[in-house]
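Data file: protein07.cif. Format and content: mmCIF, C-alpha atoms.
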```cif
data_query
loop_
_atom_site.label_atom_id
_atom_site.label_comp_id
_atom_site.auth_asym_id
_atom_site.auth_seq_id
_atom_site.Cartn_x
_atom_site.Cartn_y
_atom_site.Cartn_z
CA LEU N 72 70.71 139.45 98.81
CA ILE N 73 73.65 138.56 101.07
CA SER N 74 75.84 141.29 102.51
CA SER N 75 79.61 141.13 101.98
CA SER N 76 80.16 140.25 105.64
CA GLY N 77 77.47 137.58 105.45
CA GLY N 78 79.03 136.20 102.30
CA ARG N 79 82.42 135.94 103.95
CA ARG N 80 80.82 134.21 106.94
CA LEU N 81 79.10 131.65 104.74
CA ALA N 82 82.25 131.03 102.72
CA ILE N 83 84.26 130.33 105.86
CA LEU N 84 81.51 128.07 107.18
CA ALA N 85 81.30 126.15 103.92
CA GLY N 86 85.05 125.58 104.00
CA VAL N 87 84.89 124.23 107.54
CA LEU N 88 82.08 121.83 106.67
CA VAL N 89 83.86 120.60 103.56
CA LEU N 90 87.01 119.90 105.59
CA ALA N 91 85.04 118.15 108.32
CA GLY N 92 82.79 116.07 106.16
CA GLY N 93 85.08 115.36 103.21
CA SER N 94 86.03 111.78 102.41
CA ALA N 95 89.28 110.44 103.83
CA THR N 96 92.30 110.22 101.56
CA THR N 97 93.77 106.72 101.31
CA HIS N 98 96.99 105.46 99.75
CA ALA N 99 98.52 102.01 99.46
CA ALA N 100 101.72 101.71 101.42
CA VAL N 101 104.51 99.62 102.85
CA LEU N 102 103.61 100.62 106.40
CA ASN N 103 106.91 99.68 108.05
CA SER N 104 109.87 97.62 106.84
CA TRP N 105 113.20 96.31 108.07
CA THR N 106 116.55 95.28 106.61
CA PHE N 107 118.63 93.43 109.18
CA GLN N 108 121.92 93.77 107.31
CA GLY N 109 124.45 95.25 109.71
CA VAL N 110 122.83 94.17 112.99
CA SER N 111 124.78 91.88 115.31
CA GLY N 112 121.82 89.64 116.12
CA SER N 113 122.10 90.25 119.85
CA GLU N 114 119.84 93.33 119.87
CA ALA N 115 116.75 93.15 122.07
CA SER N 116 114.84 95.14 119.45
CA VAL N 117 115.41 96.76 116.07
CA GLN N 118 113.66 99.92 114.88
CA SER N 119 112.29 100.14 111.35
CA PRO N 120 114.55 102.23 109.10
CA ALA N 121 111.82 102.77 106.49
CA ASP N 122 108.28 103.94 107.27
CA ASP N 123 105.35 105.36 105.36
CA ALA N 124 104.83 109.08 106.02
CA GLY N 125 101.49 108.28 107.64
CA MET N 126 103.02 105.90 110.18
CA GLN N 127 105.29 106.35 113.17
CA PRO N 128 108.58 104.39 113.43
CA SER N 129 108.03 100.78 114.45
CA SER N 130 110.11 98.18 116.26
CA VAL N 131 110.55 94.42 116.22
CA ALA N 132 111.31 92.55 119.45
CA ARG N 133 111.31 89.04 120.96
CA GLY N 134 108.85 87.49 123.38
CA THR N 135 110.29 86.38 126.70
CA GLY N 136 110.31 82.75 125.56
CA LEU N 137 112.99 83.41 122.94
CA GLN N 138 116.61 84.41 123.42
CA SER N 139 118.90 86.17 120.96
CA LEU N 140 120.79 84.00 118.51
CA CYS N 141 123.67 86.45 117.94
CA ALA N 142 123.79 85.61 114.22
CA ALA N 143 124.90 88.69 112.28
CA ASN N 144 122.46 90.24 109.79
CA THR N 145 119.44 88.49 111.32
CA PHE N 146 116.90 89.01 114.04
CA GLY N 147 117.25 85.39 115.09
CA SER N 148 116.36 83.45 118.20
CA SER N 149 116.50 80.13 119.96
CA SER N 150 114.02 78.86 122.51
CA ALA N 151 114.59 79.72 126.15
CA LYS N 152 112.90 76.44 127.11
CA SER N 153 112.95 72.93 125.66
CA GLU N 154 109.69 71.02 125.11
CA SER N 155 110.58 67.32 125.13
CA ALA N 156 107.34 66.42 123.34
CA GLY N 157 107.96 69.03 120.64
CA GLU N 158 106.82 72.62 120.33
CA THR N 159 103.25 73.40 119.21
CA LEU N 160 101.26 76.59 118.83
CA ASP N 161 99.84 75.91 122.31
CA THR N 162 103.31 75.79 123.87
CA ALA N 163 104.57 78.72 121.80
CA VAL N 164 101.68 80.88 123.08
CA ALA N 165 102.10 79.66 126.66
CA ASN N 166 105.90 80.19 126.60
CA ASN N 167 105.85 83.52 124.72
CA GLN N 168 107.89 82.22 121.77
CA TYR N 169 107.23 84.96 119.26
CA THR N 170 108.67 87.92 117.40
CA SER N 171 106.64 91.07 118.03
CA ILE N 172 105.97 93.97 115.64
CA THR N 173 104.30 97.12 116.95
CA LEU N 174 102.65 99.44 114.39
CA THR N 175 101.52 102.96 115.32
CA PRO N 176 99.65 105.38 113.03
CA GLY N 177 100.56 109.02 112.70
CA ALA N 178 98.31 111.55 114.45
CA GLY N 179 94.79 111.53 112.97
CA ASN N 180 95.44 108.50 110.74
CA GLN N 181 94.09 104.99 110.50
CA PHE N 182 95.77 102.11 108.70
CA THR N 183 94.95 98.76 107.13
CA VAL N 184 97.20 95.69 107.25
CA THR N 185 96.83 93.32 104.29
CA ASP N 186 100.12 91.38 104.08
CA VAL N 187 103.23 90.59 106.11
CA THR N 188 106.26 89.35 104.15
CA GLY N 189 109.58 88.26 105.58
CA THR N 190 112.79 86.33 105.06
CA MET N 191 112.27 83.49 107.57
CA PHE N 192 114.33 80.53 108.71
CA TYR N 193 113.94 77.56 111.06
CA ARG N 194 116.90 75.19 111.17
CA ASN N 195 117.10 71.45 111.94
CA GLY N 196 113.92 70.10 110.44
CA GLY N 197 111.82 73.18 109.80
CA GLY N 198 109.02 74.68 111.83
CA GLN N 199 105.82 76.67 111.66
CA PHE N 200 105.32 80.43 111.93
CA THR N 201 101.83 81.66 112.92
CA LEU N 202 100.73 85.30 112.66
CA GLU N 203 98.39 86.81 115.28
CA SER N 204 97.40 90.33 116.32
CA SER N 205 96.24 92.35 119.31
CA ALA N 206 93.08 93.21 117.32
CA THR N 207 92.01 89.55 117.10
CA GLY N 208 93.62 88.37 120.34
CA PHE N 209 96.57 86.11 121.10
CA GLY N 210 95.96 82.41 121.66
CA SER N 211 95.79 79.00 120.00
CA GLY N 212 92.15 79.24 118.88
CA ALA N 213 91.09 79.38 115.24
CA GLY N 214 89.90 82.97 115.67
CA ASN N 215 93.38 84.10 116.72
CA ASN N 216 95.24 82.63 113.73
CA LEU N 217 95.74 85.06 110.83
CA GLY N 218 97.82 82.54 108.87
CA THR N 219 100.49 79.86 109.28
CA GLN N 220 103.58 79.25 107.15
CA LEU N 221 105.57 76.01 107.08
CA VAL N 222 109.14 77.32 107.12
CA ASN N 223 111.34 74.57 105.67
CA SER N 224 114.57 76.50 105.34
CA ASP N 225 117.30 74.33 106.89
CA SER N 226 119.91 77.06 106.60
CA ILE N 227 120.18 80.45 108.18
CA HIS N 228 119.92 82.10 104.75
CA GLY N 229 116.15 81.77 104.98
CA GLY N 230 113.40 81.91 102.38
CA THR N 231 110.67 84.44 101.56
CA TYR N 232 107.21 83.82 103.03
CA THR N 233 104.05 85.96 102.95
CA PHE N 234 101.04 86.05 105.24
CA THR N 235 98.05 87.40 103.26
CA LEU N 236 95.18 88.31 105.56
CA ALA N 237 91.77 87.00 104.48
CA SER N 238 90.19 89.86 106.45
CA PRO N 239 92.47 92.92 106.51
CA LEU N 240 92.92 94.64 109.87
CA VAL N 241 91.70 98.26 110.00
CA VAL N 242 92.73 100.22 113.10
CA ASN N 243 93.50 103.77 114.25
CA VAL N 244 95.42 102.82 117.42
CA PRO N 245 98.75 101.01 117.99
CA LEU N 246 98.61 97.40 116.78
CA GLU N 247 100.86 94.53 117.86
CA LEU N 248 101.54 91.66 115.46
CA ARG N 249 103.14 88.48 116.77
CA ILE N 250 104.79 85.75 114.71
CA TYR N 251 104.83 82.61 116.87
CA MET N 252 107.72 80.29 115.93
CA TYR N 253 107.62 76.61 116.88
CA GLY N 254 108.64 73.15 115.69
CA SER N 255 111.12 70.61 117.04
CA GLY N 256 111.50 70.15 120.78
CA SER N 257 115.19 71.05 120.76
CA GLN N 258 115.67 74.39 122.49
CA TYR N 259 118.73 75.09 120.35
CA ASN N 260 116.84 75.15 117.05
CA GLU N 261 117.53 78.49 115.39
CA ARG N 262 114.64 80.47 114.04
CA GLY N 263 113.95 84.05 113.05
CA LEU N 264 114.01 86.70 110.34
CA GLY N 265 116.74 87.76 107.94
CA SER N 266 119.75 86.07 106.38
CA THR N 267 123.39 85.78 107.37
CA SER N 268 124.42 86.02 103.73
CA ALA N 269 126.22 89.30 103.04
CA THR N 270 124.73 89.32 99.53
CA ASP N 271 121.10 89.24 100.74
CA THR N 272 120.67 93.00 101.05
CA GLY N 273 116.96 93.36 100.32
CA THR N 274 114.07 93.96 102.70
CA ASP N 275 113.88 91.26 105.40
CA LEU N 276 110.47 92.17 106.83
CA ALA N 277 107.64 94.34 105.49
CA VAL N 278 104.08 95.07 106.58
CA ASP N 279 101.90 96.12 103.63
CA GLY N 280 98.52 97.83 103.55
CA SER N 281 97.19 101.36 103.28
CA VAL N 282 96.96 104.58 105.30
CA ALA N 283 93.97 106.92 105.51
CA SER N 284 93.29 110.17 107.32
CA ALA N 285 90.84 109.59 110.17
CA VAL N 286 87.17 110.50 109.52
CA PRO N 287 85.70 112.97 112.10
CA GLU N 288 83.34 111.42 114.62
CA PRO N 289 79.59 112.15 114.22
CA ALA N 290 79.62 114.21 117.44
CA SER N 291 82.22 116.57 115.98
CA LEU N 292 80.18 117.00 112.80
CA GLY N 293 77.10 117.70 114.91
CA LEU N 294 78.85 120.52 116.76
CA LEU N 295 79.95 122.05 113.48
CA GLY N 296 76.36 121.86 112.25
CA LEU N 297 75.13 123.75 115.32
CA GLY N 298 77.76 126.39 114.68
CA ALA N 299 76.50 126.71 111.13
CA LEU N 300 72.93 127.33 112.28
CA SER N 301 74.14 129.93 114.78
CA LEU N 302 76.00 131.85 112.09
CA LEU N 303 72.99 131.75 109.79
CA ARG N 304 70.69 133.12 112.51
CA ARG N 305 73.11 135.97 113.22
CA ARG N 306 73.22 136.83 109.52
CA LYS N 307 69.46 137.26 109.52
#
```
As a first step, turn the structure in this file into structure tokens.
Amino acid sequence: LISSSGGRRLAILAGVLVLAGGSATTHAAVLNSWTFQGVSGSEASVQSPADDAGMQPSSVARGTGLQSLCAANTFGSSSAKSESAGETLDTAVANNQYTSITLTPGAGNQFTVTDVTGTMFYRNGGGQFTLESSATGFGSGAGNNLGTQLVNSDSIHGGTYTFTLASPLVVNVPLELRIYMYGSGSQYNERGLGSTSATDTGTDLAVDGSVASAVPEPASLGLLGLGALSLLRRRK
């Protein structure tokens, strides 16, 4: 038979072990998203107005190789340097011609990135947008490239493009995504995210995936197990 005090002790212990060893809860989510309607276009960065409850607010910013376009309702850019032979992924990486997105999970959470969708434009002949991440490294190698879109929009109204990751990224620390933008050698070619049209009021950039509560590390579970044995010995 178990005494009332021993029963209470075991009940508390069981609750602790269930909380520690229970499976993580996961939900599909738009992790962070942006609508650029109302921005001037000259901002150095724009914070996400809509975030999943499991994520912290995020921001979008330019690499040092791009300068603001100052086109209202967009996060647009032009190159800070002209490549006479034309821009490539190699030169875009070397010259820091990218738009950066930083994603940060809420305390105790991990998240998965599956898709990145945006309204994208590249004027005067079209260009290419390549997605990379801090988890897979930044560079021009095949292992860095998470997907490339040929952006043919020859107006600043843009079109909708989606990067779908063949291998979703699963992380529990801040993650940087970069969209490298490159094409013609003219440094004045306009490129970026969003649309100058006042009627395009939908989401201009969204990162999709899921959020899960972090699973306790084995060491933490081991300490709880030792505590359980100690309580059982005392009960005897």
> Which residues fall under the PyMOL selection byres ((chain N and resi 117) around 7) in this file, as a ChimeraX atom specification?
Replying inline: /N:114,116,118-119,130-132
Using C-alpha atoms, can you write the selected residues to a file as a CSV table (one decimal), keeping the file's coordinate frame?
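Okay, part19.csv is ready:
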```csv
chain,number,residue,atom,x,y,z
N,114,GLU,CA,119.8,93.3,119.9
N,116,SER,CA,114.8,95.1,119.4
N,118,GLN,CA,113.7,99.9,114.9
N,119,SER,CA,112.3,100.1,111.4
N,130,SER,CA,110.1,98.2,116.3
N,131,VAL,CA,110.6,94.4,116.2
N,132,ALA,CA,111.3,92.6,119.4
```
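Put simply, CA of Ala277 in chain N is 6.0 Å away from CA of Asn103 in chain N.
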Edge lengths and centre in Å to one decimal, as AutoDock Vina command-line options, is what I'm after for the box along x, y and z that holds all listed atoms of range 195-207 of chain N once 8 Å is added on each side.
```
--center_x 104.6 --center_y 81.7 --center_z 114.6 --size_x 41.1 --size_y 39.1 --size_z 25.5
```
> If the PyMOL selection byres ((chain N and resi 193-208) around 7) is run on the structure shown, which residues does it catch, given as a ChimeraX atom specification?
Replying inline: /N:192,209-210,215-227,246-255,260-263
Requested write-out: C-alpha atoms of the selected residues, as a PDB file, in the frame of the given file:
```
ATOM      1  CA  PHE N 192     114.330  80.530 108.710  1.00  0.00           C
ATOM      2  CA  PHE N 209      96.570  86.110 121.100  1.00  0.00           C
ATOM      3  CA  GLY N 210      95.960  82.410 121.660  1.00  0.00           C
ATOM      4  CA  ASN N 215      93.380  84.100 116.720  1.00  0.00           C
ATOM      5  CA  ASN N 216      95.240  82.630 113.730  1.00  0.00           C
ATOM      6  CA  LEU N 217      95.740  85.060 110.830  1.00  0.00           C
ATOM      7  CA  GLY N 218      97.820  82.540 108.870  1.00  0.00           C
ATOM      8  CA  THR N 219     100.490  79.860 109.280  1.00  0.00           C
ATOM      9  CA  GLN N 220     103.580  79.250 107.150  1.00  0.00           C
ATOM     10  CA  LEU N 221     105.570  76.010 107.080  1.00  0.00           C
ATOM     11  CA  VAL N 222     109.140  77.320 107.120  1.00  0.00           C
ATOM     12  CA  ASN N 223     111.340  74.570 105.670  1.00  0.00           C
ATOM     13  CA  SER N 224     114.570  76.500 105.340  1.00  0.00           C
ATOM     14  CA  ASP N 225     117.300  74.330 106.890  1.00  0.00           C
ATOM     15  CA  SER N 226     119.910  77.060 106.600  1.00  0.00           C
ATOM     16  CA  ILE N 227     120.180  80.450 108.180  1.00  0.00           C
ATOM     17  CA  LEU N 246      98.610  97.400 116.780  1.00  0.00           C
ATOM     18  CA  GLU N 247     100.860  94.530 117.860  1.00  0.00           C
ATOM     19  CA  LEU N 248     101.540  91.660 115.460  1.00  0.00           C
ATOM     20  CA  ARG N 249     103.140  88.480 116.770  1.00  0.00           C
ATOM     21  CA  ILE N 250     104.790  85.750 114.710  1.00  0.00           C
ATOM     22  CA  TYR N 251     104.830  82.610 116.870  1.00  0.00           C
ATOM     23  CA  MET N 252     107.720  80.290 115.930  1.00  0.00           C
ATOM     24  CA  TYR N 253     107.620  76.610 116.880  1.00  0.00           C
ATOM     25  CA  GLY N 254     108.640  73.150 115.690  1.00  0.00           C
ATOM     26  CA  SER N 255     111.120  70.610 117.040  1.00  0.00           C
ATOM     27  CA  ASN N 260     116.840  75.150 117.050  1.00  0.00           C
ATOM     28  CA  GLU N 261     117.530  78.490 115.390  1.00  0.00           C
ATOM     29  CA  ARG N 262     114.640  80.470 114.040  1.00  0.00           C
ATOM     30  CA  GLY N 263     113.950  84.050 113.050  1.00  0.00           C
TER      31      GLY N 263
END
```
> Using only C-alpha atoms, which residues sit within 8 Å of Asp122 in chain N once same-chain residues fewer than 3 positions away are excluded, as a ChimeraX atom specification?
Replying inline: /N:101-104,119,126-129
Can you pull range 142-190 of chain N out of that block with N, CA and C atoms and hand it back as a PDB file, in the first residue's frame?
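Result file is part-v6.pdb:
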```pdb
ATOM      1  N   ALA N 142      11.081  53.208 -54.483  1.00  0.00           N
ATOM      2  CA  ALA N 142       9.808  53.020 -55.193  1.00  0.00           C
ATOM      3  C   ALA N 142       8.760  52.657 -54.152  1.00  0.00           C
ATOM      4  N   ALA N 143       7.740  53.507 -54.008  1.00  0.00           N
ATOM      5  CA  ALA N 143       6.729  53.319 -52.978  1.00  0.00           C
ATOM      6  C   ALA N 143       6.066  51.955 -53.086  1.00  0.00           C
ATOM      7  N   ASN N 144       5.730  51.384 -51.929  1.00  0.00           N
ATOM      8  CA  ASN N 144       5.025  50.108 -51.809  1.00  0.00           C
ATOM      9  C   ASN N 144       5.869  48.901 -52.202  1.00  0.00           C
ATOM     10  N   THR N 145       7.183  49.080 -52.273  1.00  0.00           N
ATOM     11  CA  THR N 145       8.068  47.949 -52.576  1.00  0.00           C
ATOM     12  C   THR N 145       9.272  47.977 -51.632  1.00  0.00           C
ATOM     13  N   PHE N 146       9.924  46.828 -51.533  1.00  0.00           N
ATOM     14  CA  PHE N 146      11.245  46.790 -50.933  1.00  0.00           C
ATOM     15  C   PHE N 146      12.183  46.509 -52.100  1.00  0.00           C
ATOM     16  N   GLY N 147      12.405  47.560 -52.894  1.00  0.00           N
ATOM     17  CA  GLY N 147      13.155  47.432 -54.136  1.00  0.00           C
ATOM     18  C   GLY N 147      14.581  47.900 -54.006  1.00  0.00           C
ATOM     19  N   SER N 148      15.384  47.529 -55.010  1.00  0.00           N
ATOM     20  CA  SER N 148      16.810  47.855 -54.978  1.00  0.00           C
ATOM     21  C   SER N 148      17.338  48.028 -56.386  1.00  0.00           C
ATOM     22  N   SER N 149      18.501  48.653 -56.462  1.00  0.00           N
ATOM     23  CA  SER N 149      19.319  48.616 -57.671  1.00  0.00           C
ATOM     24  C   SER N 149      20.732  48.277 -57.218  1.00  0.00           C
ATOM     25  N   SER N 150      21.548  47.815 -58.149  1.00  0.00           N
ATOM     26  CA  SER N 150      22.892  47.382 -57.784  1.00  0.00           C
ATOM     27  C   SER N 150      23.767  48.579 -57.438  1.00  0.00           C
ATOM     28  N   ALA N 151      24.614  48.389 -56.418  1.00  0.00           N
ATOM     29  CA  ALA N 151      25.559  49.442 -56.059  1.00  0.00           C
ATOM     30  C   ALA N 151      26.808  49.386 -56.922  1.00  0.00           C
ATOM     31  N   LYS N 152      26.894  48.385 -57.806  1.00  0.00           N
ATOM     32  CA  LYS N 152      28.075  48.202 -58.640  1.00  0.00           C
ATOM     33  C   LYS N 152      27.664  47.577 -59.958  1.00  0.00           C
ATOM     34  N   SER N 153      28.222  48.073 -61.065  1.00  0.00           N
ATOM     35  CA  SER N 153      27.905  47.538 -62.381  1.00  0.00           C
ATOM     36  C   SER N 153      28.925  46.487 -62.794  1.00  0.00           C
ATOM     37  N   GLU N 154      28.428  45.341 -63.295  1.00  0.00           N
ATOM     38  CA  GLU N 154      29.283  44.293 -63.834  1.00  0.00           C
ATOM     39  C   GLU N 154      29.156  44.341 -65.354  1.00  0.00           C
ATOM     40  N   SER N 155      30.195  44.796 -66.028  1.00  0.00           N
ATOM     41  CA  SER N 155      30.120  44.994 -67.478  1.00  0.00           C
ATOM     42  C   SER N 155      29.867  43.694 -68.223  1.00  0.00           C
ATOM     43  N   ALA N 156      30.302  42.566 -67.656  1.00  0.00           N
ATOM     44  CA  ALA N 156      30.105  41.275 -68.310  1.00  0.00           C
ATOM     45  C   ALA N 156      28.771  40.640 -67.922  1.00  0.00           C
ATOM     46  N   GLY N 157      27.976  41.350 -67.129  1.00  0.00           N
ATOM     47  CA  GLY N 157      26.704  40.804 -66.670  1.00  0.00           C
ATOM     48  C   GLY N 157      26.833  40.208 -65.285  1.00  0.00           C
ATOM     49  N   GLU N 158      25.751  40.275 -64.522  1.00  0.00           N
ATOM     50  CA  GLU N 158      25.746  39.738 -63.177  1.00  0.00           C
ATOM     51  C   GLU N 158      25.464  38.241 -63.208  1.00  0.00           C
ATOM     52  N   THR N 159      26.126  37.495 -62.343  1.00  0.00           N
ATOM     53  CA  THR N 159      25.908  36.059 -62.181  1.00  0.00           C
ATOM     54  C   THR N 159      25.738  35.780 -60.696  1.00  0.00           C
ATOM     55  N   LEU N 160      25.433  34.530 -60.358  1.00  0.00           N
ATOM     56  CA  LEU N 160      25.345  34.187 -58.945  1.00  0.00           C
ATOM     57  C   LEU N 160      26.694  34.406 -58.269  1.00  0.00           C
ATOM     58  N   ASP N 161      27.778  34.103 -58.974  1.00  0.00           N
ATOM     59  CA  ASP N 161      29.115  34.323 -58.411  1.00  0.00           C
ATOM     60  C   ASP N 161      29.318  35.784 -58.026  1.00  0.00           C
ATOM     61  N   THR N 162      28.967  36.702 -58.942  1.00  0.00           N
ATOM     62  CA  THR N 162      29.175  38.124 -58.645  1.00  0.00           C
ATOM     63  C   THR N 162      28.177  38.624 -57.613  1.00  0.00           C
ATOM     64  N   ALA N 163      26.965  38.076 -57.618  1.00  0.00           N
ATOM     65  CA  ALA N 163      25.972  38.492 -56.625  1.00  0.00           C
ATOM     66  C   ALA N 163      26.419  38.097 -55.224  1.00  0.00           C
ATOM     67  N   VAL N 164      27.004  36.900 -55.084  1.00  0.00           N
ATOM     68  CA  VAL N 164      27.513  36.463 -53.781  1.00  0.00           C
ATOM     69  C   VAL N 164      28.711  37.319 -53.378  1.00  0.00           C
ATOM     70  N   ALA N 165      29.632  37.527 -54.319  1.00  0.00           N
ATOM     71  CA  ALA N 165      30.843  38.303 -54.019  1.00  0.00           C
ATOM     72  C   ALA N 165      30.526  39.750 -53.671  1.00  0.00           C
ATOM     73  N   ASN N 166      29.490  40.323 -54.321  1.00  0.00           N
ATOM     74  CA  ASN N 166      29.158  41.743 -54.131  1.00  0.00           C
ATOM     75  C   ASN N 166      28.023  41.973 -53.135  1.00  0.00           C
ATOM     76  N   ASN N 167      27.556  40.896 -52.479  1.00  0.00           N
ATOM     77  CA  ASN N 167      26.492  41.019 -51.473  1.00  0.00           C
ATOM     78  C   ASN N 167      25.217  41.635 -52.039  1.00  0.00           C
ATOM     79  N   GLN N 168      24.792  41.130 -53.204  1.00  0.00           N
ATOM     80  CA  GLN N 168      23.562  41.611 -53.838  1.00  0.00           C
ATOM     81  C   GLN N 168      22.405  40.686 -53.462  1.00  0.00           C
ATOM     82  N   TYR N 169      21.846  40.922 -52.307  1.00  0.00           N
ATOM     83  CA  TYR N 169      20.776  40.049 -51.826  1.00  0.00           C
ATOM     84  C   TYR N 169      19.818  40.819 -50.931  1.00  0.00           C
ATOM     85  N   THR N 170      18.625  40.235 -50.771  1.00  0.00           N
ATOM     86  CA  THR N 170      17.680  40.667 -49.753  1.00  0.00           C
ATOM     87  C   THR N 170      17.718  39.621 -48.655  1.00  0.00           C
ATOM     88  N   SER N 171      17.838  40.076 -47.421  1.00  0.00           N
ATOM     89  CA  SER N 171      18.020  39.180 -46.274  1.00  0.00           C
ATOM     90  C   SER N 171      16.760  39.113 -45.423  1.00  0.00           C
ATOM     91  N   ILE N 172      16.427  37.896 -44.973  1.00  0.00           N
ATOM     92  CA  ILE N 172      15.292  37.673 -44.075  1.00  0.00           C
ATOM     93  C   ILE N 172      15.825  36.917 -42.866  1.00  0.00           C
ATOM     94  N   THR N 173      15.620  37.449 -41.673  1.00  0.00           N
ATOM     95  CA  THR N 173      16.074  36.786 -40.459  1.00  0.00           C
ATOM     96  C   THR N 173      14.870  36.261 -39.681  1.00  0.00           C
ATOM     97  N   LEU N 174      14.856  34.954 -39.426  1.00  0.00           N
ATOM     98  CA  LEU N 174      13.763  34.297 -38.706  1.00  0.00           C
ATOM     99  C   LEU N 174      14.269  33.842 -37.341  1.00  0.00           C
ATOM    100  N   THR N 175      13.487  34.123 -36.286  1.00  0.00           N
ATOM    101  CA  THR N 175      13.899  33.766 -34.930  1.00  0.00           C
ATOM    102  C   THR N 175      12.741  33.083 -34.211  1.00  0.00           C
ATOM    103  N   PRO N 176      12.967  31.879 -33.673  1.00  0.00           N
ATOM    104  CA  PRO N 176      11.874  31.184 -32.972  1.00  0.00           C
ATOM    105  C   PRO N 176      11.611  31.794 -31.609  1.00  0.00           C
ATOM    106  N   GLY N 177      10.396  31.594 -31.107  1.00  0.00           N
ATOM    107  CA  GLY N 177      10.097  31.981 -29.747  1.00  0.00           C
ATOM    108  C   GLY N 177      10.850  31.083 -28.779  1.00  0.00           C
ATOM    109  N   ALA N 178      10.925  31.497 -27.518  1.00  0.00           N
ATOM    110  CA  ALA N 178      11.681  30.740 -26.517  1.00  0.00           C
ATOM    111  C   ALA N 178      11.173  29.299 -26.433  1.00  0.00           C
ATOM    112  N   GLY N 179      12.106  28.344 -26.513  1.00  0.00           N
ATOM    113  CA  GLY N 179      11.767  26.932 -26.390  1.00  0.00           C
ATOM    114  C   GLY N 179      11.154  26.310 -27.620  1.00  0.00           C
ATOM    115  N   ASN N 180      11.146  27.021 -28.757  1.00  0.00           N
ATOM    116  CA  ASN N 180      10.532  26.494 -29.975  1.00  0.00           C
ATOM    117  C   ASN N 180      11.574  26.150 -31.035  1.00  0.00           C
ATOM    118  N   GLN N 181      11.184  25.283 -31.946  1.00  0.00           N
ATOM    119  CA  GLN N 181      11.954  25.066 -33.163  1.00  0.00           C
ATOM    120  C   GLN N 181      11.001  25.242 -34.339  1.00  0.00           C
ATOM    121  N   PHE N 182      11.536  25.544 -35.516  1.00  0.00           N
ATOM    122  CA  PHE N 182      10.649  25.759 -36.652  1.00  0.00           C
ATOM    123  C   PHE N 182      11.214  25.104 -37.907  1.00  0.00           C
ATOM    124  N   THR N 183      10.312  24.867 -38.848  1.00  0.00           N
ATOM    125  CA  THR N 183      10.654  24.257 -40.133  1.00  0.00           C
ATOM    126  C   THR N 183      10.254  25.212 -41.246  1.00  0.00           C
ATOM    127  N   VAL N 184      11.155  25.440 -42.193  1.00  0.00           N
ATOM    128  CA  VAL N 184      10.857  26.258 -43.368  1.00  0.00           C
ATOM    129  C   VAL N 184      10.638  25.332 -44.561  1.00  0.00           C
ATOM    130  N   THR N 185       9.488  25.459 -45.212  1.00  0.00           N
ATOM    131  CA  THR N 185       9.176  24.623 -46.367  1.00  0.00           C
ATOM    132  C   THR N 185       9.058  25.417 -47.669  1.00  0.00           C
ATOM    133  N   ASP N 186       8.578  26.662 -47.583  1.00  0.00           N
ATOM    134  CA  ASP N 186       8.343  27.464 -48.781  1.00  0.00           C
ATOM    135  C   ASP N 186       8.600  28.940 -48.489  1.00  0.00           C
ATOM    136  N   VAL N 187       9.037  29.654 -49.519  1.00  0.00           N
ATOM    137  CA  VAL N 187       9.147  31.109 -49.466  1.00  0.00           C
ATOM    138  C   VAL N 187       8.463  31.647 -50.718  1.00  0.00           C
ATOM    139  N   THR N 188       7.438  32.476 -50.538  1.00  0.00           N
ATOM    140  CA  THR N 188       6.665  33.011 -51.655  1.00  0.00           C
ATOM    141  C   THR N 188       6.717  34.535 -51.621  1.00  0.00           C
ATOM    142  N   GLY N 189       6.911  35.145 -52.784  1.00  0.00           N
ATOM    143  CA  GLY N 189       6.965  36.592 -52.818  1.00  0.00           C
ATOM    144  C   GLY N 189       6.516  37.185 -54.132  1.00  0.00           C
ATOM    145  N   THR N 190       6.116  38.447 -54.089  1.00  0.00           N
ATOM    146  CA  THR N 190       5.883  39.231 -55.294  1.00  0.00           C
ATOM    147  C   THR N 190       7.230  39.816 -55.692  1.00  0.00           C
TER     148      THR N 190
END
```
